[in-house]
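Below is one structure, written out as structure tokens, with a few remarks after it.
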Amino acid sequence: MNSKTSYSEQELVLLLLQRSNSAFSYLYDNYSGALYGIINQIVSDTETANDVLQEVFINIWRKMDLYDSSKGRLFTWMLNIARNAAIDKVRSKGYQDGLKNQPLQENVDAHMVGRVVPKTDDIGLKKVLTKLKEEHRKLIDLSYFQGFTHEEIAKMLDMPLGTVKTRIRNALSQLRNMIQ
Amino acid sequence: MNIQEYISSGIVESYVLGLASAEERAEFETNCIAYPEVRTAREAFELLLEKQAMESAVAPPAALKQKIFDNLSTVGEEKKVIAEQTPLRTMNWLKIAAAACFILLAGSLWWNMSLKNENRKLQALQEKIETLQAQLDSSSSHFAQMKADAEAIQKSSIKMAKMDGTANSPQSFATVYWDTTSHDVYLLVNNLPKPASEHQYQLWALLDGKPIDMGVLEISEKPLQLYRMKNAQAAQAFAITLEKKGGSPTPSMDKMYVIGKL
């Protein structure tokens with residue numbers, strides 16, 4: 001199922017909307033690694049990461065017509081699907097039940113459970129994150145990798161919402177400069 | 001709003017990474033349209049993020065692709081079932097309905113036409129029956145008349161006078177039947193030349209040398225016509241003369257055609 005053809009993003013989107021199998025194969029060959037990378041920065045075991053990647057590609061296939069190119073690149077859209085799917089998986093009851101040794105996070109809503117130690121801290125953004133100051137690193141970890149809202153983080157860290165927002169923005173700007 | 005400040009505020013990263021609130025997202029999308037530099041900044045960060053993610057890609061297990069595609073074909077089939085079969089079914093129903101309508105229409109047209117045809121045939125038949133009926137009626141009445149005539153002249157009380165042609169018309173020939181009881185007089189014209197339109201034949205009874213008017217003859221085209229004439233109380237002979245139309249009080253003896261004794 002290897003596709004040697006190369007598509008522009010526009011062509012790829014059009015072909016995916018037409019449910020082209022070869023375009024989807026191309027998409028998988030080119031982007032599964034990058035998406036698998038982000039998933040592994042969020043979930044802690046390979047089996048779950050595999051399940052999430054499968055879910056992600058099925059969702060991409062199903063929800064292709066929801067993609068709006070005016071709001072961002074295809075990869076950005078897929079990356080967010082992967083991140084959200086991984087976070088949802090981490091928060092799911094089945095996943096939590098499997099993590100017997102993980103202490104539950106305090107001060108969170110019933111559905112906002114557990115903090116997970118991901119499998120990898122040495123790849124991608126996670127790796128970049130280690131270069132940030134501790135206060136910034138923690139905010140990015142909670143918001144981006146664990147999916148907590150600014151309000152939840154403010155509660156969690158007993159910090160004013162405005163401060164959380166400003167610090168996250170600052171952290172993101174730094175992050176950007178670091179990966180540039 | 002200072003756009004450069006907005007761009008460097010971290011909103012671009014926040015938006016692209018999916019950390020912005022719904023409000024922030026809406027504002028950012030508006031700004032992308034209003035300020036091309038916002039969009040440019042967004043695209044630059046997206047490319048940066050993509051590059052970074054590609055560089056830190058982790059190859060998933062090789063078997064996973066096949067597994068995903070197997071799952072996908074099931075998803076694809078579901079989609080196909082929804083996307084194609086439903087309209088197909090509708091099409092089928094439409095086709096069936098259209099076909100049914102057509103058959104009904106064709107059937108009713110054929111029915112209508114055959115009914116019309118039958119009706120026409122029936123009407124023709126009806127007309128023929130009416131014609132035949134009329135002919136039968138006419139024949140029957142004619143027959144009845146002839147039968148009555150035949151009966152009338154076959155009575156035992158009938159006396160017959162055979163009238164032969166005179167010198168005026170030797171070929172002429174007629175017969176008078178006289179009922180001695182009822183005194184009815186019948187005339188059978190065996191052969192008389194057709195009179196001119198201003199003339200009519202007139203029958204006379206002769207009693208003791210005196211002529212008695214028995215009426216004028218309304219010549220009919222019917223064969224073997226037996227003409228009913230005036231009654232005669234008594235007669236020794238009968239004669240026919242050719243008179244002016246309407247008849248004469250006395251016979252023109254020189255225009256006598258036939259004469260015969262009882």
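Letters A, B, ... mark the chains of the structure tokens in the order given; residue numbers begin at 1 per chain; ligand numbers begin at 1, in order shown.
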Interface residues on chain A facing chain B, 8 Å, only C-alpha atoms, written as a ChimeraX atom specification: /A:28,31-38,50,54,57-58,61-62,71-73,75-76,80,123-125,143-144,149,169-170,172-173,176,179-180
Residues flagged strand (DSSP E) by DSSP in range 52-223 of chain B, as a PyMOL selection string: chain B and resi 158-165+173-179+185-191+199-207+210-216
Members of range 120-167 of chain A assigned helix (DSSP H, G or I) by DSSP, as JSON, numbers by chain: {"A": [124, 125, 126, 127, 128, 129, 134, 135, 136, 137, 138, 139, 140, 141, 142, 143, 144, 145, 150, 151, 152, 153, 154, 155, 156, 157, 161, 162, 163, 164, 165, 166, 167]}
Taking C-alpha atoms for each residue, export the selection above as a JSON list (two decimals), in the first residue's frame.
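Here's the written file out_14.json:
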```json
[["chain", "number", "residue", "atom", "x", "y", "z"],
["A", 124, "GLY", "CA", 9.34, 16.38, 20.21],
["A", 125, "LEU", "CA", 7.85, 19.25, 22.15],
["A", 126, "LYS", "CA", 8.37, 17.36, 25.37],
["A", 127, "LYS", "CA", 12.09, 17.46, 24.76],
["A", 128, "VAL", "CA", 11.94, 21.18, 24.01],
["A", 129, "LEU", "CA", 9.85, 21.63, 27.11],
["A", 134, "GLU", "CA", 10.02, 24.94, 35.61],
["A", 135, "GLU", "CA", 7.02, 27.28, 36.04],
["A", 136, "HIS", "CA", 6.56, 27.49, 32.28],
["A", 137, "ARG", "CA", 7.20, 23.79, 31.71],
["A", 138, "LYS", "CA", 4.52, 22.81, 34.19],
["A", 139, "LEU", "CA", 1.92, 25.12, 32.63],
["A", 140, "ILE", "CA", 2.54, 23.72, 29.15],
["A", 141, "ASP", "CA", 2.48, 20.18, 30.47],
["A", 142, "LEU", "CA", -0.86, 20.68, 32.21],
["A", 143, "SER", "CA", -2.51, 22.57, 29.36],
["A", 144, "TYR", "CA", -1.07, 21.02, 26.23],
["A", 145, "PHE", "CA", -0.18, 17.50, 27.27],
["A", 150, "HIS", "CA", -6.81, 27.60, 32.06],
["A", 151, "GLU", "CA", -9.51, 27.78, 34.76],
["A", 152, "GLU", "CA", -8.71, 24.26, 35.97],
["A", 153, "ILE", "CA", -4.99, 25.05, 36.07],
["A", 154, "ALA", "CA", -5.67, 28.29, 37.95],
["A", 155, "LYS", "CA", -7.59, 26.28, 40.56],
["A", 156, "MET", "CA", -5.03, 23.51, 40.65],
["A", 157, "LEU", "CA", -2.07, 25.83, 41.16],
["A", 161, "LEU", "CA", -6.63, 33.06, 35.93],
["A", 162, "GLY", "CA", -4.98, 36.12, 34.35],
["A", 163, "THR", "CA", -1.56, 35.01, 35.53],
["A", 164, "VAL", "CA", -2.12, 31.51, 34.16],
["A", 165, "LYS", "CA", -3.10, 32.92, 30.79],
["A", 166, "THR", "CA", -0.17, 35.32, 30.59],
["A", 167, "ARG", "CA", 2.36, 32.70, 31.69]]
```
Among the residues A:Leu132, A:Asp45, A:Ile81, A:Asp65, the one that comes closest to Tyr95 in chain A [using only C-alpha atoms]: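 Smallest distance to Tyr95 in chain A is found for A:Asp45.
Nearest residue to Glu55 in chain A, choosing from A:Asp88, A:Asp68, A:Asp29, A:Glu11 and counting only C-alpha atoms: A:Asp88.
Omitting range 196-210 of chain B and its sequence neighbours fewer than 2 positions away, and counting only C-alpha atoms, the residues within 8 Å are Lys194, Ile212, Asp213, Met214, Gly215, Val216, Leu217, Glu218, Ala232, Ala234, Ala235, Gln236, Ala237, Phe238, Ala239, Ile240, Thr241, Leu242, Glu243, Lys244, Lys245, Gly246, Gly247 and Pro251 of chain B.
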Write a file of the selected residues as a compact mmCIF listing (two decimals), in the first residue's frame, keeping C-alpha atoms.
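Output (part_7.txt):
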```txt
# COMPACT_ATOMS: atom_id res chain seq x y z
CA LYS B 194 -98.55 3.26 -66.57
CA ILE B 212 -121.46 2.78 -61.01
CA ASP B 213 -118.27 4.54 -59.81
CA MET B 214 -116.06 2.22 -57.75
CA GLY B 215 -113.24 4.74 -57.17
CA VAL B 216 -109.96 5.80 -58.77
CA LEU B 217 -106.83 3.73 -58.65
CA GLU B 218 -103.77 5.00 -56.66
CA ALA B 232 -120.76 -2.77 -54.64
CA ALA B 234 -124.70 -5.71 -56.97
CA ALA B 235 -122.92 -5.89 -60.34
CA GLN B 236 -122.98 -7.91 -63.52
CA ALA B 237 -119.65 -6.73 -64.93
CA PHE B 238 -116.64 -4.47 -64.16
CA ALA B 239 -114.57 -2.14 -66.37
CA ILE B 240 -111.61 0.22 -66.07
CA THR B 241 -111.37 3.47 -68.01
CA LEU B 242 -108.63 6.06 -68.12
CA GLU B 243 -109.98 9.32 -66.73
CA LYS B 244 -108.61 12.70 -65.76
CA LYS B 245 -106.95 12.83 -62.34
CA GLY B 246 -109.48 12.52 -59.52
CA GLY B 247 -111.95 10.54 -61.62
CA PRO B 251 -116.88 6.81 -67.74
```
Pick from B:Leu104, B:Met146, B:Ala167, B:Leu115, whichever lies nearest to Lys222 in chain B using only C-alpha atoms: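 Result for the nearest residue to Lys222 in chain B: B:Met146.
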Distance query range 153-161 of chain B at most 8 Å, only C-alpha atoms, self and fewer than 2 positions along chain excluded, as a list in words: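 The residues satisfying every condition are Asp149, Ala150, Glu151, Met163, Thr175, Val176, Tyr177, Trp178, Asp179, Thr180, Thr181, Tyr186, Ala237, Phe238, Gly260, Lys261 and Leu262 of chain B.
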